Structures are given as C-alpha cells and as structure tokens.
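Structure below is model_20.cif: mmCIF, C-alpha atoms.
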```cif
data_target
#
loop_
_atom_site.label_atom_id
_atom_site.label_comp_id
_atom_site.auth_asym_id
_atom_site.auth_seq_id
_atom_site.Cartn_x
_atom_site.Cartn_y
_atom_site.Cartn_z
CA MET I 273 5.92 -5.02 2.36
CA GLU I 274 6.56 -4.52 6.07
CA ALA I 275 10.10 -4.16 7.41
CA TRP I 276 9.60 -6.93 9.97
CA ARG I 277 9.36 -9.49 7.15
CA LEU I 278 13.01 -8.91 6.16
CA ALA I 279 15.46 -11.69 7.02
CA LEU I 280 17.02 -9.87 9.97
CA SER I 281 17.76 -10.72 13.58
CA SER I 282 15.07 -9.84 16.13
CA SER I 283 17.33 -7.22 17.76
CA ILE I 284 17.91 -5.41 14.45
CA ARG I 285 14.19 -5.54 13.61
CA GLY I 286 13.41 -4.10 17.04
CA LYS I 287 15.84 -1.23 16.50
CA LEU I 288 14.36 -0.46 13.06
CA ILE I 289 10.79 -0.41 14.39
CA SER I 290 11.76 1.73 17.40
CA ALA I 291 13.40 4.22 15.03
CA GLY I 292 10.26 4.40 12.89
CA TYR I 293 11.41 2.28 9.95
CA THR I 294 8.41 -0.01 9.63
CA SER I 295 8.10 -0.34 5.83
CA LEU I 296 10.44 -0.93 2.90
CA SER I 297 9.69 2.51 1.48
CA SER I 298 10.81 4.24 4.69
CA ILE I 299 14.07 2.25 4.71
CA SER I 300 14.84 2.70 1.01
CA SER I 301 14.44 6.47 1.21
CA VAL I 302 17.45 7.06 3.52
CA SER I 303 21.20 6.68 3.27
CA SER I 304 23.13 4.00 5.13
CA SER I 305 24.70 6.62 7.42
CA ASP I 306 21.30 8.09 8.36
CA LEU I 307 19.87 4.62 8.95
CA ALA I 308 22.85 3.66 11.12
CA ARG I 309 22.50 6.82 13.20
CA ASP I 310 18.71 6.63 13.65
CA ALA I 311 18.60 2.90 14.46
CA ASN I 312 21.82 2.87 16.51
CA ILE I 313 23.47 0.20 14.33
CA THR I 314 26.76 0.00 12.45
CA GLU I 315 27.24 1.29 8.90
CA ASP I 316 27.83 -2.27 7.66
CA GLU I 317 24.55 -3.43 9.21
CA ALA I 318 22.73 -0.48 7.67
CA PHE I 319 24.22 -1.25 4.25
CA GLU I 320 23.05 -4.88 4.45
CA ILE I 321 19.56 -3.77 5.49
CA LEU I 322 19.33 -1.38 2.53
CA LYS I 323 20.52 -4.14 0.22
CA LEU I 324 17.80 -6.52 1.48
CA ALA I 325 15.15 -3.81 1.26
CA ASN I 326 16.05 -2.95 -2.34
CA GLN I 327 16.01 -6.62 -3.35
CA SER I 328 12.58 -7.14 -1.78
CA SER I 329 11.21 -3.97 -3.39
CA GLY I 330 12.48 -5.08 -6.79
CA SER I 331 10.87 -8.52 -6.54
CA ASN I 332 7.49 -6.94 -5.74
CA SER I 333 7.58 -4.13 -8.30
CA CYS I 334 6.02 -6.03 -11.22
CA ASN I 335 3.13 -7.32 -9.14
CA GLY I 336 2.65 -3.88 -7.64
CA ASN I 337 2.43 -2.21 -11.06
CA ARG I 338 0.00 -4.80 -12.33
CA SER I 339 -2.32 -4.37 -9.34
CA LEU I 340 -2.21 -0.60 -9.77
CA ILE I 341 -3.31 -0.84 -13.40
CA ASN I 342 -5.99 -3.43 -12.70
CA GLY I 343 -7.29 -1.41 -9.76
CA ALA I 344 -8.28 1.69 -11.76
CA LYS I 345 -11.78 3.10 -11.14
CA ASN I 346 -13.84 5.71 -12.91
CA ALA I 347 -15.00 8.82 -11.07
CA TRP I 348 -18.69 7.88 -11.33
CA ASP I 349 -18.12 4.60 -9.50
CA MET I 350 -16.07 6.43 -6.89
CA LEU I 351 -18.91 8.91 -6.29
CA HIS I 352 -21.47 6.11 -5.94
CA GLU I 353 -19.13 4.27 -3.56
CA GLU I 354 -18.65 7.42 -1.46
CA GLU I 355 -22.40 8.03 -1.18
CA SER I 356 -23.10 4.44 -0.15
CA LEU I 357 -20.43 4.21 2.54
CA PRO I 358 -21.80 2.90 5.86
CA ARG I 359 -21.56 5.23 8.85
CA ILE I 360 -21.50 4.71 12.60
CA THR I 361 -23.99 6.79 14.54
CA THR I 362 -22.73 8.79 17.53
CA SER I 363 -26.19 8.64 19.23
CA CYS I 364 -26.31 12.43 18.91
CA SER I 365 -28.40 13.33 15.87
CA ASP I 366 -27.03 16.89 15.71
CA LEU I 367 -23.48 15.56 15.59
CA ASP I 368 -24.46 12.88 13.07
CA ASN I 369 -25.96 15.56 10.82
CA ILE I 370 -22.74 17.56 10.47
CA LEU I 371 -20.82 14.30 9.95
CA GLY I 372 -23.04 13.34 7.03
CA GLY I 373 -24.82 10.62 9.00
CA GLY I 374 -22.08 9.55 11.43
CA ILE I 375 -18.44 8.46 11.41
CA SER I 376 -17.61 7.26 7.91
CA CYS I 377 -16.13 3.86 7.17
CA ARG I 378 -13.03 3.72 4.91
CA ASP I 379 -11.89 7.05 6.43
CA VAL I 380 -9.46 8.04 9.17
CA THR I 381 -11.16 10.56 11.47
CA GLU I 382 -9.25 12.54 14.07
CA ILE I 383 -11.21 13.84 17.07
CA GLY I 384 -9.38 16.18 19.43
CA GLY I 385 -10.08 18.50 22.32
CA VAL I 386 -9.23 19.58 25.85
CA PRO I 387 -9.35 17.16 28.82
CA GLY I 388 -12.89 16.48 30.04
CA ILE I 389 -14.56 17.41 26.74
CA GLY I 390 -15.69 13.81 26.10
CA LYS I 391 -13.15 12.26 23.72
CA THR I 392 -13.06 8.90 25.51
CA GLN I 393 -16.86 9.00 25.88
CA ILE I 394 -17.14 9.30 22.09
CA GLY I 395 -14.67 6.45 21.62
CA ILE I 396 -16.62 4.14 23.92
CA GLN I 397 -19.93 5.20 22.32
CA LEU I 398 -18.63 4.31 18.85
CA SER I 399 -17.29 0.94 20.05
CA VAL I 400 -20.83 0.13 21.22
CA ASN I 401 -22.79 1.67 18.36
CA VAL I 402 -20.80 -0.10 15.64
CA GLN I 403 -22.46 -3.29 16.91
CA ILE I 404 -26.05 -2.15 16.34
CA PRO I 405 -27.57 -4.88 14.13
CA ARG I 406 -28.24 -4.18 10.46
CA GLU I 407 -31.99 -4.56 10.92
CA PHE I 408 -31.84 -1.57 13.27
CA GLY I 409 -29.83 0.53 10.81
CA GLY I 410 -26.39 -0.35 12.18
CA LEU I 411 -23.35 -2.18 10.87
CA GLY I 412 -23.48 -5.31 13.04
CA GLY I 413 -19.73 -5.08 13.46
CA LYS I 414 -17.09 -5.34 16.19
CA ALA I 415 -14.63 -2.82 17.63
CA ILE I 416 -10.93 -2.59 18.41
CA TYR I 417 -10.10 -0.18 21.23
CA ILE I 418 -6.42 0.74 21.63
CA ASP I 419 -5.89 2.45 24.98
CA THR I 420 -2.59 4.31 25.40
CA GLU I 421 -3.59 6.34 28.48
CA GLY I 422 -5.50 3.84 30.60
CA SER I 423 -8.68 5.90 30.25
CA PHE I 424 -11.02 3.16 28.99
CA MET I 425 -13.66 2.36 31.63
CA VAL I 426 -15.38 -1.00 31.24
CA GLU I 427 -18.11 0.05 33.69
CA ARG I 428 -18.87 3.03 31.47
CA ALA I 429 -18.92 0.78 28.41
CA LEU I 430 -21.48 -1.43 30.19
CA GLN I 431 -23.66 1.62 30.96
CA ILE I 432 -23.67 2.72 27.33
CA ALA I 433 -24.24 -0.86 26.13
CA GLU I 434 -27.26 -1.23 28.43
CA ALA I 435 -28.67 2.08 27.15
CA CYS I 436 -28.12 0.96 23.54
CA VAL I 437 -30.05 -2.28 24.12
CA GLU I 438 -32.85 -0.39 25.90
CA ASP I 439 -33.12 2.04 22.97
CA MET I 440 -33.42 -0.86 20.52
CA GLU I 441 -36.08 -2.53 22.68
CA GLU I 442 -38.02 0.73 22.87
CA TYR I 443 -37.82 1.06 19.09
CA THR I 444 -39.01 -2.54 18.70
CA GLY I 445 -41.95 -1.91 21.02
CA TYR I 446 -42.99 1.10 18.95
CA MET I 447 -42.68 -0.82 15.67
CA HIS I 448 -44.74 -3.74 17.00
CA LYS I 449 -47.68 -1.39 17.43
CA HIS I 450 -47.59 -0.41 13.76
CA PHE I 451 -45.54 -2.99 11.85
CA LYS I 452 -43.99 -6.40 12.23
CA ALA I 453 -40.61 -5.94 13.95
CA ASN I 454 -37.64 -8.09 14.90
CA GLN I 455 -36.99 -8.93 18.53
CA VAL I 456 -33.80 -7.61 20.10
CA GLN I 457 -31.47 -10.58 20.49
CA MET I 458 -28.40 -8.61 21.61
CA LYS I 459 -27.52 -8.30 25.30
CA PRO I 460 -25.08 -5.87 26.99
CA LYS I 461 -22.76 -8.83 27.66
CA ASP I 462 -22.63 -9.55 23.90
CA ILE I 463 -21.61 -5.95 23.21
CA LEU I 464 -18.73 -6.05 25.71
CA GLU I 465 -17.53 -9.36 24.26
CA ASN I 466 -17.24 -7.73 20.83
CA ILE I 467 -14.91 -4.93 21.96
CA PHE I 468 -11.30 -6.07 21.50
CA TYR I 469 -9.29 -4.08 24.02
CA PHE I 470 -5.53 -3.47 23.80
CA ARG I 471 -3.59 -1.63 26.52
CA VAL I 472 -0.43 -0.05 25.08
CA CYS I 473 2.28 1.21 27.44
CA SER I 474 4.98 2.58 25.08
CA TYR I 475 5.37 3.90 21.57
CA THR I 476 7.21 0.73 20.52
CA GLU I 477 4.23 -1.37 21.68
CA GLN I 478 1.96 1.00 19.76
CA ILE I 479 3.99 0.59 16.56
CA ALA I 480 4.10 -3.20 16.96
CA LEU I 481 0.34 -3.38 17.51
CA VAL I 482 -0.44 -1.23 14.47
CA ASN I 483 1.78 -3.54 12.40
CA HIS I 484 -0.21 -6.55 13.73
CA LEU I 485 -3.67 -5.09 13.05
CA ASP I 486 -3.87 -6.26 9.43
CA LYS I 487 -3.47 -9.89 10.51
CA PHE I 488 -5.81 -9.51 13.50
CA ILE I 489 -8.59 -7.92 11.44
CA SER I 490 -8.18 -10.57 8.73
CA GLU I 491 -8.91 -13.17 11.43
CA ASN I 492 -11.80 -11.11 12.88
CA LYS I 493 -13.52 -9.93 9.74
CA ASP I 494 -16.47 -8.24 11.45
CA VAL I 495 -14.29 -5.46 12.90
CA LYS I 496 -15.71 -2.17 11.61
CA VAL I 497 -14.03 0.43 13.79
CA VAL I 498 -10.54 0.91 15.24
CA ILE I 499 -10.28 3.50 18.02
CA VAL I 500 -6.96 4.82 19.35
CA ASP I 501 -7.26 6.69 22.66
CA SER I 502 -5.07 8.59 22.26
CA ILE I 503 -2.75 8.60 19.27
CA THR I 504 -0.71 11.28 21.02
CA PHE I 505 0.21 10.13 24.49
CA HIS I 506 3.44 8.16 24.02
CA PHE I 507 4.69 10.39 21.22
CA ARG I 508 4.58 13.44 23.46
CA GLN I 509 6.29 11.67 26.35
CA ASP I 510 9.08 9.59 24.84
CA PHE I 511 10.38 11.52 21.82
CA ASP I 512 13.12 14.15 21.76
CA ASP I 513 13.91 13.80 18.04
CA LEU I 514 11.00 15.55 16.27
CA VAL I 515 12.16 14.46 12.80
CA GLN I 516 12.10 10.83 13.86
CA ARG I 517 8.71 11.33 15.53
CA THR I 518 7.27 12.81 12.35
CA ARG I 519 8.52 9.88 10.29
CA VAL I 520 7.12 7.30 12.73
CA LEU I 521 3.73 9.04 12.86
CA SER I 522 3.57 9.37 9.07
CA GLU I 523 4.19 5.63 8.69
CA MET I 524 1.51 4.89 11.28
CA ALA I 525 -1.02 7.20 9.61
CA LEU I 526 -0.39 5.51 6.26
CA LYS I 527 -1.01 2.09 7.80
CA PHE I 528 -4.31 3.28 9.31
CA MET I 529 -5.41 4.63 5.92
CA LYS I 530 -4.60 1.31 4.27
CA LEU I 531 -6.53 -0.61 6.94
CA ALA I 532 -9.57 1.66 6.52
CA LYS I 533 -9.63 1.13 2.75
CA LYS I 534 -8.77 -2.57 2.74
CA PHE I 535 -11.35 -3.64 5.32
CA SER I 536 -13.95 -0.86 4.78
CA LEU I 537 -13.78 0.14 8.42
CA ALA I 538 -13.60 3.42 10.32
CA VAL I 539 -10.41 4.49 12.09
CA VAL I 540 -10.94 7.04 14.86
CA LEU I 541 -7.85 8.69 16.35
CA LEU I 542 -8.41 10.66 19.54
CA ASN I 543 -5.95 13.52 20.05
CA GLN I 544 -4.91 15.85 22.84
CA VAL I 545 -4.34 19.62 22.65
CA THR I 546 -1.28 21.78 23.10
CA THR I 547 -0.49 25.51 23.00
CA LYS I 548 0.67 27.15 19.79
CA TYR I 549 2.09 30.64 19.42
CA THR I 550 0.10 32.38 16.69
CA GLU I 551 -0.28 36.06 15.83
CA GLY I 552 1.36 37.27 19.01
CA SER I 553 -0.49 35.03 21.47
CA PHE I 554 -0.68 31.44 22.68
CA GLN I 555 -3.68 29.49 21.40
CA LEU I 556 -4.90 25.93 21.87
CA ALA I 557 -4.25 23.58 18.94
CA LEU I 558 -4.37 19.83 18.43
CA ALA I 559 -1.12 18.10 19.33
CA LEU I 560 1.58 16.61 17.06
CA GLY I 561 2.10 19.66 14.85
CA ASP I 562 1.13 20.85 11.39
CA SER I 563 2.52 17.85 9.48
CA TRP I 564 0.26 15.49 11.44
CA SER I 565 -2.82 17.57 10.57
CA HIS I 566 -2.58 16.27 6.99
CA SER I 567 -2.50 12.62 8.05
CA CYS I 568 -6.25 12.13 8.55
CA THR I 569 -9.21 12.30 6.17
CA ASN I 570 -11.47 14.18 8.59
CA ARG I 571 -10.64 16.32 11.60
CA VAL I 572 -13.19 17.15 14.31
CA ILE I 573 -12.34 19.61 17.09
CA LEU I 574 -14.27 19.48 20.37
CA TYR I 575 -14.55 22.66 22.45
CA TRP I 576 -16.51 24.36 25.21
CA ASN I 577 -18.89 27.26 24.54
CA GLY I 578 -19.88 28.37 28.00
CA ASP I 579 -21.21 25.25 29.70
CA GLU I 580 -21.97 23.45 26.45
CA ARG I 581 -19.86 21.00 24.49
CA TYR I 582 -19.52 21.58 20.76
CA ALA I 583 -17.97 19.65 17.86
CA TYR I 584 -16.58 21.49 14.82
CA ILE I 585 -15.70 19.98 11.42
CA ASP I 586 -12.27 21.54 10.94
CA LYS I 587 -11.20 19.55 7.88
CA SER I 588 -12.89 17.17 5.47
CA PRO I 589 -12.77 16.59 1.71
CA SER I 590 -16.51 15.89 1.55
CA LEU I 591 -18.13 17.70 4.51
CA PRO I 592 -18.63 21.46 4.91
CA SER I 593 -17.30 23.20 8.00
CA ALA I 594 -20.04 23.16 10.62
CA SER I 595 -20.54 22.85 14.35
CA ALA I 596 -23.06 21.09 16.58
CA SER I 597 -23.63 20.86 20.30
CA TYR I 598 -23.73 17.58 22.18
CA THR I 599 -23.92 16.41 25.77
CA VAL I 600 -22.58 13.45 27.73
CA THR I 601 -25.25 11.73 29.84
CA SER I 602 -25.39 8.57 31.92
CA ARG I 603 -26.72 6.85 28.78
CA GLY I 604 -23.94 8.12 26.53
CA LEU I 605 -23.80 10.88 23.91
CA ARG I 606 -27.04 12.71 23.22
CA ASN I 607 -28.33 16.01 21.82
CA SER I 608 -27.79 18.90 24.20
CA SER I 609 -30.72 20.36 26.13
CA SER I 610 -30.39 23.69 24.30
CA SER I 611 -30.71 21.85 20.99
CA SER I 612 -33.92 20.20 22.19
CA LYS I 613 -35.27 23.58 23.27
CA ARG I 614 -34.54 25.06 19.85
CA VAL I 615 -36.42 22.19 18.18
CA LYS I 616 -39.47 22.70 20.43
CA MET I 617 -39.51 26.43 19.72
CA MET I 618 -39.50 25.77 15.98
#
```
Rewrite the coordinates I just gave you, this time as structure tokens.
Amino acid sequence: MEAWRLALSSSIRGKLISAGYTSLSSISSVSSSDLARDANITEDEAFEILKLANQSSGSNSCNGNRSLINGAKNAWDMLHEEESLPRITTSCSDLDNILGGGISCRDVTEIGGVPGIGKTQIGIQLSVNVQIPREFGGLGGKAIYIDTEGSFMVERALQIAEACVEDMEEYTGYMHKHFKANQVQMKPKDILENIFYFRVCSYTEQIALVNHLDKFISENKDVKVVIVDSITFHFRQDFDDLVQRTRVLSEMALKFMKLAKKFSLAVVLLNQVTTKYTEGSFQLALALGDSWSHSCTNRVILYWNGDERYAYIDKSPSLPSASASYTVTSRGLRNSSSSSKRVKMM
C-alpha cells in the first residue's frame, strides 16, 4: 500500500513524500523520533502516522500472504517466460545483439554515460521503436517519457519517427516482390501522439509522478516502455542528506521494478556520470553511488573509444559482459561505420 492512501492531511502527506516515505514499509521501519526529524513533523504526529501505518499493514497481511502462496512458479516456467520476453530494438543490430535482442520488457535497465554520448538519443529511439507494429516484429506499444533535464527534443523525435516509417515502407516494398506483405498504416504523427511526455522540475514532482504511474498505465494499457531522462538530475541538485536520498531512490527503484513486472513493460533509466576516487586516482563512474548500482536489473555503460561510441554490458543476471559500437545519425541509432567495414571484410 502507498503512503498517500493513509488518512492524513495533505500537508503531512506532502512532508512524508518529500522525505522519501512513500510506502507503508518505509514508514513502519523507522522510529517515531526518526520519522519526526526526517519529515519535519512533531513526535505526536509521527506516532499517529506509525499507528495508522501498522493498522493498514495488519489489515493487508492475510491477503498478502495468500497472494504470495498462490503466486508460486516453478523454475521451468520461469525459464520459458524469460526466453519469450518481448524486446525493444535499438535500431542498432550490434547493440541489440549484446542485449539479447534489444531492451527487455519486465526489466529495469540503467543506461549511463558522459554528456554527448547519446543517452537522450537512445531514449527517444526507444520511445519510437516500441511502437513498431507486431506484424513488423515490434510490440505495437506506447511510451512514457519522463524528462527531468529538459533535454527531450520533439523535432528529433519527429526525425526518428519519419525514419522508422520509411524503414518499414522499404521493408514492405521488398516483401511485396517476394511475398504478400501488409501495408504500412502508421504515420510519423501517430508515433508522436503515442509518446506521453512528462516534464518534471523537482524531486518531489518526480516522486509524485512515479507514484501516479501505476494508475496512468492501468488507464493506458498499451504502454510498453517508461523512460526517465535522467533519474539523476534532481537528486544531485537538491539533496544534502545522503541517507535520505538513498532511501528515496530505493523506494523509487522498487516501484519501477513492480511496474515492469506488473505491466510487462521495459523501464529505462538514463544516468549521468561522476568522478570516483579509486586506487589512488579519480575515475568516471555512474552517479548516485554504489547502493544505487544494485537497484536495476541491467546496467549499460556508454563510453568513447577514440571517435567511436561504445556500449558495454556492465551488469546483468542473464547477459554476458560484452561491448558493441554504435553511431548516432540523422535517422537515429545505427551500426557504426567501422562495424560495417568489418562485416564487409568478413
């Protein structure tokens, strides 16, 4: 159960959410004095909140235990389910190959790298590609794009959408010569209409939006990808208390995991980089610290190698560590020129 459902005043709920207490479990795990300090409320108010939270948790415990028992799966079914998961193509076959076919649904994937490496380009590409119709090997879904930095460019989205439609028409033309093929009904305008865009200007807005996503996706059932660009921005700017930041981020990561599983969609969190002192020198590392690195299913690090962009699978329970080059063109993500040269030589 979410904390905002408790019978509390709007001001108290706002203070709880701002302090990172967004679920009953996060509230129940602290003392009244800690809750009062973190949320800037009185001890009496904190005590009443804990009392309400414990009562609500108790009323839901029987149902929760029953659903846990009824929800058991055997490992064979889990393996079959994992192998049949739909994936979203990146439009770069080399990158798709190391990702096992593309960005996996039901997973939370973190993609991070230095400025200018193409993180937002990947986010926009995925918001377009998730809409490729099923008859063309896609998911036929819709996208949610959460923009915390103001980096989303609708003109760029239109460029990539136009290229996507052109690619499908070219494929259809080829298939008509050899087989019976479907006509492309989708237009660039249709693609833009199926990207739900949210501009977030503070970490409290970000928390509130994440709490609202379950309801929004329930009402828009075709959503198959949620992109956050970037997960980092407001949490690097507005937080002095690192313990509180860690708690807020952990709650948010848990909500994203639940959304991915519940709706069989992909969650893609774009991340920035920072410097980390390791073995006597400063090195680049993804932002938000070591505890955050365990919050996602897959982690992909983008980096430069000379003039070429590369993606590296840094962490995944099902994918081996591997790297692939990619390039950003006017049409979107594609294989790099050096990759094409290697293929021709072979």
Nearby residues (all atoms listed in the file) at most 9 Å from region 578-591 of chain I, same-chain spacing under 2 positions excluded, as a count of residues only: 26
Region 549-559 of chain I surroundings by all atoms listed in the file, 12 Å radius, close-in-sequence under 3 positions cut, as a ChimeraX atom specification: /I:382-387,502-508,541-546,562-565,571-575,586
Write the selection just made, keeping C-alpha atoms, as a PDB file, in the coordinates of the input?
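See out_10.pdb below for the written result:
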```pdb
ATOM      1  CA  GLU I 382      -9.250  12.540  14.070  1.00  0.00           C
ATOM      2  CA  ILE I 383     -11.210  13.840  17.070  1.00  0.00           C
ATOM      3  CA  GLY I 384      -9.380  16.180  19.430  1.00  0.00           C
ATOM      4  CA  GLY I 385     -10.080  18.500  22.320  1.00  0.00           C
ATOM      5  CA  VAL I 386      -9.230  19.580  25.850  1.00  0.00           C
ATOM      6  CA  PRO I 387      -9.350  17.160  28.820  1.00  0.00           C
ATOM      7  CA  SER I 502      -5.070   8.590  22.260  1.00  0.00           C
ATOM      8  CA  ILE I 503      -2.750   8.600  19.270  1.00  0.00           C
ATOM      9  CA  THR I 504      -0.710  11.280  21.020  1.00  0.00           C
ATOM     10  CA  PHE I 505       0.210  10.130  24.490  1.00  0.00           C
ATOM     11  CA  HIS I 506       3.440   8.160  24.020  1.00  0.00           C
ATOM     12  CA  PHE I 507       4.690  10.390  21.220  1.00  0.00           C
ATOM     13  CA  ARG I 508       4.580  13.440  23.460  1.00  0.00           C
ATOM     14  CA  LEU I 541      -7.850   8.690  16.350  1.00  0.00           C
ATOM     15  CA  LEU I 542      -8.410  10.660  19.540  1.00  0.00           C
ATOM     16  CA  ASN I 543      -5.950  13.520  20.050  1.00  0.00           C
ATOM     17  CA  GLN I 544      -4.910  15.850  22.840  1.00  0.00           C
ATOM     18  CA  VAL I 545      -4.340  19.620  22.650  1.00  0.00           C
ATOM     19  CA  THR I 546      -1.280  21.780  23.100  1.00  0.00           C
ATOM     20  CA  ASP I 562       1.130  20.850  11.390  1.00  0.00           C
ATOM     21  CA  SER I 563       2.520  17.850   9.480  1.00  0.00           C
ATOM     22  CA  TRP I 564       0.260  15.490  11.440  1.00  0.00           C
ATOM     23  CA  SER I 565      -2.820  17.570  10.570  1.00  0.00           C
ATOM     24  CA  ARG I 571     -10.640  16.320  11.600  1.00  0.00           C
ATOM     25  CA  VAL I 572     -13.190  17.150  14.310  1.00  0.00           C
ATOM     26  CA  ILE I 573     -12.340  19.610  17.090  1.00  0.00           C
ATOM     27  CA  LEU I 574     -14.270  19.480  20.370  1.00  0.00           C
ATOM     28  CA  TYR I 575     -14.550  22.660  22.450  1.00  0.00           C
ATOM     29  CA  ASP I 586     -12.270  21.540  10.940  1.00  0.00           C
TER      30      ASP I 586
END
```
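Minimum distance to Val400 (chain I) across I:Leu514, I:Ile463, I:Leu324, I:Val380 (counting all atoms listed in the file) occurs at I:Ile463.
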Residue contacts of Ala279 (chain I) (10 Å, all atoms listed in the file) excluding same-chain residues fewer than 5 positions away, as number ranges by chain: I: 285, 321, 324-325
Generate a file of the selected residues that holds C-alpha atoms, formatted as a PDB file, keeping the file's coordinate frame.
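Wrote it out as result_19.pdb, contents follow:
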```
ATOM      1  CA  ARG I 285      14.190  -5.540  13.610  1.00  0.00           C
ATOM      2  CA  ILE I 321      19.560  -3.770   5.490  1.00  0.00           C
ATOM      3  CA  LEU I 324      17.800  -6.520   1.480  1.00  0.00           C
ATOM      4  CA  ALA I 325      15.150  -3.810   1.260  1.00  0.00           C
TER       5      ALA I 325
END
```
Length of the CA of Ser522 (chain I) to CA of Ser297 (chain I) vector [Å]: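 Answer for the CA of Ser522 (chain I) to CA of Ser297 (chain I) separation: 11.9 Å.
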For region 568-580 of chain I, supply N, CA, C and O atoms and report the output as a PDB file, in the coordinates of the input.
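Everything below was put into selection-v4.pdb:
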```
ATOM      1  N   CYS I 568      -4.913  12.710   8.385  1.00  0.00           N
ATOM      2  CA  CYS I 568      -6.250  12.130   8.550  1.00  0.00           C
ATOM      3  C   CYS I 568      -7.204  12.658   7.476  1.00  0.00           C
ATOM      4  O   CYS I 568      -7.017  13.765   6.958  1.00  0.00           O
ATOM      5  N   THR I 569      -8.223  11.875   7.167  1.00  0.00           N
ATOM      6  CA  THR I 569      -9.210  12.300   6.170  1.00  0.00           C
ATOM      7  C   THR I 569     -10.089  13.411   6.734  1.00  0.00           C
ATOM      8  O   THR I 569     -10.324  14.424   6.071  1.00  0.00           O
ATOM      9  N   ASN I 570     -10.588  13.203   7.943  1.00  0.00           N
ATOM     10  CA  ASN I 570     -11.470  14.180   8.590  1.00  0.00           C
ATOM     11  C   ASN I 570     -10.887  14.580   9.935  1.00  0.00           C
ATOM     12  O   ASN I 570     -10.286  13.759  10.630  1.00  0.00           O
ATOM     13  N   ARG I 571     -11.109  15.832  10.295  1.00  0.00           N
ATOM     14  CA  ARG I 571     -10.640  16.320  11.600  1.00  0.00           C
ATOM     15  C   ARG I 571     -11.795  17.030  12.300  1.00  0.00           C
ATOM     16  O   ARG I 571     -12.385  17.966  11.750  1.00  0.00           O
ATOM     17  N   VAL I 572     -12.112  16.569  13.512  1.00  0.00           N
ATOM     18  CA  VAL I 572     -13.190  17.150  14.310  1.00  0.00           C
ATOM     19  C   VAL I 572     -12.595  17.699  15.602  1.00  0.00           C
ATOM     20  O   VAL I 572     -11.886  16.986  16.319  1.00  0.00           O
ATOM     21  N   ILE I 573     -12.855  18.969  15.887  1.00  0.00           N
ATOM     22  CA  ILE I 573     -12.340  19.610  17.090  1.00  0.00           C
ATOM     23  C   ILE I 573     -13.488  19.802  18.079  1.00  0.00           C
ATOM     24  O   ILE I 573     -14.546  20.341  17.732  1.00  0.00           O
ATOM     25  N   LEU I 574     -13.282  19.336  19.299  1.00  0.00           N
ATOM     26  CA  LEU I 574     -14.270  19.480  20.370  1.00  0.00           C
ATOM     27  C   LEU I 574     -13.880  20.673  21.242  1.00  0.00           C
ATOM     28  O   LEU I 574     -12.704  20.858  21.563  1.00  0.00           O
ATOM     29  N   TYR I 575     -14.873  21.471  21.646  1.00  0.00           N
ATOM     30  CA  TYR I 575     -14.550  22.660  22.450  1.00  0.00           C
ATOM     31  C   TYR I 575     -15.751  23.030  23.320  1.00  0.00           C
ATOM     32  O   TYR I 575     -16.886  22.583  23.095  1.00  0.00           O
ATOM     33  N   TRP I 576     -15.467  23.842  24.324  1.00  0.00           N
ATOM     34  CA  TRP I 576     -16.510  24.360  25.210  1.00  0.00           C
ATOM     35  C   TRP I 576     -16.994  25.712  24.707  1.00  0.00           C
ATOM     36  O   TRP I 576     -16.203  26.542  24.278  1.00  0.00           O
ATOM     37  N   ASN I 577     -18.303  25.939  24.768  1.00  0.00           N
ATOM     38  CA  ASN I 577     -18.890  27.260  24.540  1.00  0.00           C
ATOM     39  C   ASN I 577     -19.778  27.545  25.751  1.00  0.00           C
ATOM     40  O   ASN I 577     -20.923  27.119  25.798  1.00  0.00           O
ATOM     41  N   GLY I 578     -19.188  28.233  26.724  1.00  0.00           N
ATOM     42  CA  GLY I 578     -19.880  28.370  28.000  1.00  0.00           C
ATOM     43  C   GLY I 578     -19.888  27.023  28.701  1.00  0.00           C
ATOM     44  O   GLY I 578     -18.842  26.411  28.911  1.00  0.00           O
ATOM     45  N   ASP I 579     -21.080  26.550  29.041  1.00  0.00           N
ATOM     46  CA  ASP I 579     -21.210  25.250  29.700  1.00  0.00           C
ATOM     47  C   ASP I 579     -21.556  24.133  28.722  1.00  0.00           C
ATOM     48  O   ASP I 579     -21.821  23.001  29.137  1.00  0.00           O
ATOM     49  N   GLU I 580     -21.568  24.449  27.439  1.00  0.00           N
ATOM     50  CA  GLU I 580     -21.970  23.450  26.450  1.00  0.00           C
ATOM     51  C   GLU I 580     -20.791  22.925  25.655  1.00  0.00           C
ATOM     52  O   GLU I 580     -19.860  23.658  25.342  1.00  0.00           O
TER      53      GLU I 580
END
```
